[in-house]
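Notes follow once the structure below has been shown.
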Amino acid sequence: MDEASADKEQDSTASGTQSQQPAAQGSEQGRKLTRSRMMSFAKTLLFTILVALLLKTFVIEAYRIPSGSMENTLLVGDFLFVNKFVYGMRTPRYVPLTNLAIPSISFPALKEVRRGDVVVFEFPGDRDKLSDPESINYVKRCIGLPGDTVHILLGRVFVNGRELEIPPHARASDEAEGIGWREEEQLFPPGSKFTIDDYGPLGVPKRGELVELSPATFDRWKALIRQEGHTADITREGTVLIDGVPSSRYTIQRNYYFVLGDNRDNSLDSRYWGFVPDDNLIGEALIIYWSWDTELPASNLWQRFKTVRWGRIGTLIR
């Protein structure tokens with residue numbers, strides 16, 4: 001090989017090396033750019049999920065109406081947004097997707113519950129139970145505030161001696177369609193002899209209130225006392241024991257609320273299972289964001305879509 005040929009071969013080799021280096025550098029830069037974009041997308045997705053979880057936990061959440069107890073204010077198949085911020089933020093009471101209870105922290109409320117508010121709350125349990133084994137949310141209208149006296153006469157509701165106006169969309173019915181299995185002697189409180197249309201007068205417990213304890217009143221207060229974390233028993237001689245100590249009075253530790261369904265002849269509410277503790281409040285029902293017939297099978301989506309109640313979408317709940 002002569003000198004000229006050797007020079008050409010070296011030039012060719014050098015040129016090939018130089019052309020491969022930019023290609024390799026470009027490929028590496030492309031991989032770095034792809035990784036950067038993927039990381040950016042992952043961070044955005046994670047941030048979005050975190051914000052959504054925080055909003056759902058503390059600010060606003062969606063609920064579906066499964067029964068007709070609030071007709072015609074709320075219908076079966078209405079989907080609601082509920083303001084969880086207004087009555088005070090609360091950390092979760094249960095591990096997500098389970099019924100495992102965990103300690104919960106409450107924050108100050110922006111406003112107090114008002115008489116007439118449509119509230120969402122965690123069901124406190126049946127009349128004689130300390131709590132419900134499952135976490136179930138109910139929606140009802142608040143009728144009685146802490147310290148109020150509720151009295152129902154011939155179906156007309158009186159609070160502190162003044163008659164309450166019937167909610168504008170409440171359903172008037174002469175027949176109870178879904179609660180016939182509930183005997184009236186099972187109404188709250190035990191042994192009261194109340195009926196669903198002639199109920200009370202009954203005082204709504206208030207934090208700091210002193211209540212008298214005796215054999216005649218023990219059945220009325222024992223469940224509430226136990227729900228507040230104390231033992232409550234009565235001896236054969238008629239002595240009431242709170243945490244094993246003879247007691248003739250008890251100081252209420254929480255505020256409570258009395259709630260009714262707007263479809264009063266077909267509603268399991270405070271007349272049956274008692275008061276709602278303030279700890280069980282979740283939020284105030286705000287607006288109907290969707291409404292359709294949920295009784296149709298989900299597989300028949302087109303038929304269900306044809307049942308959309310367009311006129312209810314965007315309706316404020318009053």
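Labels used: A, B, ... for chains in the order of the structure tokens, numbers from 1 for residues in each chain, and numbers from 1 for ligands as shown.
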Could you give me, as a VMD selection string, the residues within 10 Å of range 194-197 of chain A, counting only C-alpha atoms and dropping anything in the same chain fewer than 4 positions from it? chain A and resid 151 to 157 183 to 190 201 264 to 265 271 to 272
Near Arg114 in chain A, within 10 Å and counting only C-alpha atoms, which residues show up once chain neighbours fewer than 6 positions away are dropped, as a list in words? Arg141, Cys142, Ile143, Gly144 and Leu145 of chain A
Exercise: Pro124 in chain A partners within 9 Å, only C-alpha atoms, chain neighbours under 2 positions left out, as JSON, numbers by chain: {"A": [121, 122, 126, 127, 129, 130, 131, 132, 136, 273, 274, 275, 276, 277, 280]}
Shell of 12 Å around Ser247 in chain A, only C-alpha atoms, local chain residues under 4 positions omitted, as a short mmCIF file (atom, residue, chain, number, x, y, z; two decimals) with C-alpha atoms, in the first residue's frame:
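out-v3.cif was written with the following content:
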data_model
loop_
_atom_site.label_atom_id
_atom_site.label_comp_id
_atom_site.auth_asym_id
_atom_site.auth_seq_id
_atom_site.Cartn_x
_atom_site.Cartn_y
_atom_site.Cartn_z
CA LEU A 210 -77.38 16.73 82.81
CA VAL A 211 -79.90 13.90 82.52
CA GLU A 212 -81.58 12.10 85.38
CA LEU A 213 -80.92 8.37 85.73
CA SER A 214 -83.43 6.04 87.34
CA PRO A 215 -85.03 2.67 86.61
CA PHE A 218 -82.35 3.87 82.19
CA THR A 231 -70.44 1.13 80.84
CA ALA A 232 -74.06 1.47 81.93
CA ASP A 233 -75.83 -1.14 84.08
CA ILE A 234 -78.64 -1.34 86.58
CA THR A 235 -78.76 -3.56 89.66
CA GLY A 238 -82.68 -0.34 90.77
CA THR A 239 -79.32 1.40 91.24
CA VAL A 240 -77.84 2.78 88.02
CA LEU A 241 -74.10 2.16 87.63
CA ILE A 242 -71.92 4.22 85.27
CA ASP A 243 -68.45 2.69 84.94
CA THR A 251 -73.47 14.59 81.70
#
Could you tell me, as a list in words, which residues of range 181-221 of chain A DSSP assigns to helix (DSSP H, G or I) when given the backbone? Glu184, Glu185, Gln186, Phe218, Asp219, Arg220 and Trp221 of chain A
For those residues, write N, CA and C atoms to a file as a PDB file, in the first residue's frame.
ATOM      1  N   GLU A 184     -94.314  -0.558  65.793  1.00  0.00           N
ATOM      2  CA  GLU A 184     -94.162   0.758  66.405  1.00  0.00           C
ATOM      3  C   GLU A 184     -93.589   0.679  67.811  1.00  0.00           C
ATOM      4  N   GLU A 185     -93.708  -0.495  68.457  1.00  0.00           N
ATOM      5  CA  GLU A 185     -93.074  -0.597  69.776  1.00  0.00           C
ATOM      6  C   GLU A 185     -91.559  -0.648  69.656  1.00  0.00           C
ATOM      7  N   GLN A 186     -91.040  -0.736  68.425  1.00  0.00           N
ATOM      8  CA  GLN A 186     -89.598  -0.690  68.221  1.00  0.00           C
ATOM      9  C   GLN A 186     -89.098   0.720  67.970  1.00  0.00           C
ATOM     10  N   PHE A 218     -83.600   4.565  82.542  1.00  0.00           N
ATOM     11  CA  PHE A 218     -82.351   3.875  82.192  1.00  0.00           C
ATOM     12  C   PHE A 218     -82.363   3.362  80.753  1.00  0.00           C
ATOM     13  N   ASP A 219     -83.464   2.729  80.335  1.00  0.00           N
ATOM     14  CA  ASP A 219     -83.514   2.181  78.974  1.00  0.00           C
ATOM     15  C   ASP A 219     -83.358   3.273  77.923  1.00  0.00           C
ATOM     16  N   ARG A 220     -83.823   4.475  78.230  1.00  0.00           N
ATOM     17  CA  ARG A 220     -83.717   5.574  77.261  1.00  0.00           C
ATOM     18  C   ARG A 220     -82.278   6.004  77.056  1.00  0.00           C
ATOM     19  N   TRP A 221     -81.479   5.988  78.119  1.00  0.00           N
ATOM     20  CA  TRP A 221     -80.149   6.581  78.046  1.00  0.00           C
ATOM     21  C   TRP A 221     -79.011   5.577  77.965  1.00  0.00           C
TER      22      TRP A 221
END
From the list A:Gly68, A:Gly311, A:Gly208, A:Pro146, which residue is nearest Ser267 in chain A when using only C-alpha atoms? A:Gly68
Polymer residues at most 9 Å from Arg207 in chain A, only C-alpha atoms, same-chain spacing of 2 or more positions, as a PyMOL selection string: chain A and resi 146-147+205+209-210+251-256
Once you have the residues from the selection above, write them out as a PDB file, in the first residue's frame, restricted to N, CA and C atoms.
ATOM      1  N   PRO A 146     -79.176  20.254  68.771  1.00  0.00           N
ATOM      2  CA  PRO A 146     -78.908  19.976  70.183  1.00  0.00           C
ATOM      3  C   PRO A 146     -79.684  20.934  71.093  1.00  0.00           C
ATOM      4  N   GLY A 147     -80.414  20.354  72.038  1.00  0.00           N
ATOM      5  CA  GLY A 147     -81.206  21.155  72.976  1.00  0.00           C
ATOM      6  C   GLY A 147     -82.637  21.384  72.539  1.00  0.00           C
ATOM      7  N   PRO A 205     -80.423  15.564  72.871  1.00  0.00           N
ATOM      8  CA  PRO A 205     -79.320  15.791  73.820  1.00  0.00           C
ATOM      9  C   PRO A 205     -78.325  16.842  73.343  1.00  0.00           C
ATOM     10  N   GLU A 209     -75.344  18.775  78.965  1.00  0.00           N
ATOM     11  CA  GLU A 209     -76.661  18.618  79.582  1.00  0.00           C
ATOM     12  C   GLU A 209     -76.613  17.506  80.636  1.00  0.00           C
ATOM     13  N   LEU A 210     -77.263  17.739  81.763  1.00  0.00           N
ATOM     14  CA  LEU A 210     -77.384  16.729  82.811  1.00  0.00           C
ATOM     15  C   LEU A 210     -78.714  16.009  82.656  1.00  0.00           C
ATOM     16  N   THR A 251     -73.726  13.399  82.506  1.00  0.00           N
ATOM     17  CA  THR A 251     -73.468  14.593  81.702  1.00  0.00           C
ATOM     18  C   THR A 251     -73.218  14.184  80.254  1.00  0.00           C
ATOM     19  N   ILE A 252     -74.051  14.677  79.349  1.00  0.00           N
ATOM     20  CA  ILE A 252     -73.923  14.368  77.932  1.00  0.00           C
ATOM     21  C   ILE A 252     -72.601  14.934  77.411  1.00  0.00           C
ATOM     22  N   GLN A 253     -71.870  14.137  76.633  1.00  0.00           N
ATOM     23  CA  GLN A 253     -70.530  14.531  76.183  1.00  0.00           C
ATOM     24  C   GLN A 253     -70.489  15.022  74.741  1.00  0.00           C
ATOM     25  N   ARG A 254     -71.531  14.788  73.961  1.00  0.00           N
ATOM     26  CA  ARG A 254     -71.548  15.194  72.560  1.00  0.00           C
ATOM     27  C   ARG A 254     -72.824  15.958  72.253  1.00  0.00           C
ATOM     28  N   ASN A 255     -72.827  16.629  71.111  1.00  0.00           N
ATOM     29  CA  ASN A 255     -74.067  17.191  70.561  1.00  0.00           C
ATOM     30  C   ASN A 255     -74.710  16.154  69.643  1.00  0.00           C
ATOM     31  N   TYR A 256     -76.048  16.162  69.616  1.00  0.00           N
ATOM     32  CA  TYR A 256     -76.792  15.194  68.828  1.00  0.00           C
ATOM     33  C   TYR A 256     -77.828  15.916  67.963  1.00  0.00           C
TER      34      TYR A 256
END
DSSP strand (DSSP E or B) residues within range 75-265 of chain A, as a ChimeraX atom specification: /A:78-83,90,94,101,106,118-122,137-144,149-153,156-159,162-163,199-203,210-212,232-234,240-242,245-246,249-251,256-260
For the selection you just gave me, I'd like the residues written to a file as an mmCIF file, in the first residue's frame, keeping C-alpha atoms.
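See result_2.cif below for the written result:
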data_model
loop_
_atom_site.group_PDB
_atom_site.id
_atom_site.type_symbol
_atom_site.label_atom_id
_atom_site.label_comp_id
_atom_site.auth_asym_id
_atom_site.auth_seq_id
_atom_site.Cartn_x
_atom_site.Cartn_y
_atom_site.Cartn_z
ATOM 1 C CA ASP A 78 -79.765 10.782 41.989
ATOM 2 C CA PHE A 79 -76.012 11.351 42.315
ATOM 3 C CA LEU A 80 -74.955 14.098 44.723
ATOM 4 C CA PHE A 81 -71.957 16.203 45.532
ATOM 5 C CA VAL A 82 -71.577 16.558 49.305
ATOM 6 C CA ASN A 83 -69.626 19.361 50.982
ATOM 7 C CA ARG A 90 -62.272 14.835 59.446
ATOM 8 C CA TYR A 94 -61.954 3.528 58.403
ATOM 9 C CA ALA A 101 -61.969 1.457 62.226
ATOM 10 C CA SER A 106 -61.791 16.428 63.554
ATOM 11 C CA VAL A 118 -80.034 17.970 54.177
ATOM 12 C CA VAL A 119 -77.121 16.158 55.800
ATOM 13 C CA VAL A 120 -75.078 13.066 55.025
ATOM 14 C CA PHE A 121 -73.912 11.088 58.035
ATOM 15 C CA GLU A 122 -72.555 7.741 59.061
ATOM 16 C CA ASN A 137 -73.880 6.545 54.938
ATOM 17 C CA TYR A 138 -77.411 7.958 55.192
ATOM 18 C CA VAL A 139 -78.914 11.199 53.921
ATOM 19 C CA LYS A 140 -81.794 12.844 55.807
ATOM 20 C CA ARG A 141 -83.094 16.290 56.729
ATOM 21 C CA CYS A 142 -82.034 17.700 60.101
ATOM 22 C CA ILE A 143 -85.144 18.567 62.123
ATOM 23 C CA GLY A 144 -83.858 18.895 65.673
ATOM 24 C CA THR A 149 -87.624 19.474 71.695
ATOM 25 C CA VAL A 150 -89.227 17.566 68.826
ATOM 26 C CA HIS A 151 -92.934 16.742 68.801
ATOM 27 C CA ILE A 152 -94.922 15.135 65.960
ATOM 28 C CA LEU A 153 -98.714 15.453 66.163
ATOM 29 C CA ARG A 156 -97.200 17.580 61.718
ATOM 30 C CA VAL A 157 -93.710 18.359 63.037
ATOM 31 C CA PHE A 158 -93.213 20.845 65.874
ATOM 32 C CA VAL A 159 -89.846 21.969 67.232
ATOM 33 C CA ARG A 162 -93.426 25.908 66.601
ATOM 34 C CA GLU A 163 -94.601 23.984 63.552
ATOM 35 C CA TYR A 199 -94.198 11.102 68.431
ATOM 36 C CA GLY A 200 -92.711 12.855 71.422
ATOM 37 C CA PRO A 201 -92.190 15.319 72.858
ATOM 38 C CA LEU A 202 -88.551 14.288 72.904
ATOM 39 C CA GLY A 203 -85.535 16.393 73.829
ATOM 40 C CA LEU A 210 -77.384 16.729 82.811
ATOM 41 C CA VAL A 211 -79.904 13.902 82.520
ATOM 42 C CA GLU A 212 -81.584 12.099 85.385
ATOM 43 C CA ALA A 232 -74.064 1.469 81.931
ATOM 44 C CA ASP A 233 -75.829 -1.141 84.079
ATOM 45 C CA ILE A 234 -78.640 -1.337 86.578
ATOM 46 C CA VAL A 240 -77.836 2.777 88.015
ATOM 47 C CA LEU A 241 -74.098 2.162 87.630
ATOM 48 C CA ILE A 242 -71.916 4.222 85.274
ATOM 49 C CA VAL A 245 -70.130 3.770 90.142
ATOM 50 C CA PRO A 246 -73.693 4.435 91.443
ATOM 51 C CA ARG A 249 -77.139 11.813 86.786
ATOM 52 C CA TYR A 250 -75.098 11.728 83.618
ATOM 53 C CA THR A 251 -73.468 14.593 81.702
ATOM 54 C CA TYR A 256 -76.792 15.194 68.828
ATOM 55 C CA TYR A 257 -79.256 15.753 65.984
ATOM 56 C CA PHE A 258 -82.735 14.461 65.148
ATOM 57 C CA VAL A 259 -83.292 13.685 61.454
ATOM 58 C CA LEU A 260 -86.291 12.738 59.291
#
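Reported to one decimal place, the separation of CA of Val76 in chain A from CA of Arg115 in chain A is 23.9 Å.
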Between CA of Ser67 in chain A and CA of Tyr289 in chain A - distance in Å to one decimal: 17.4 Å
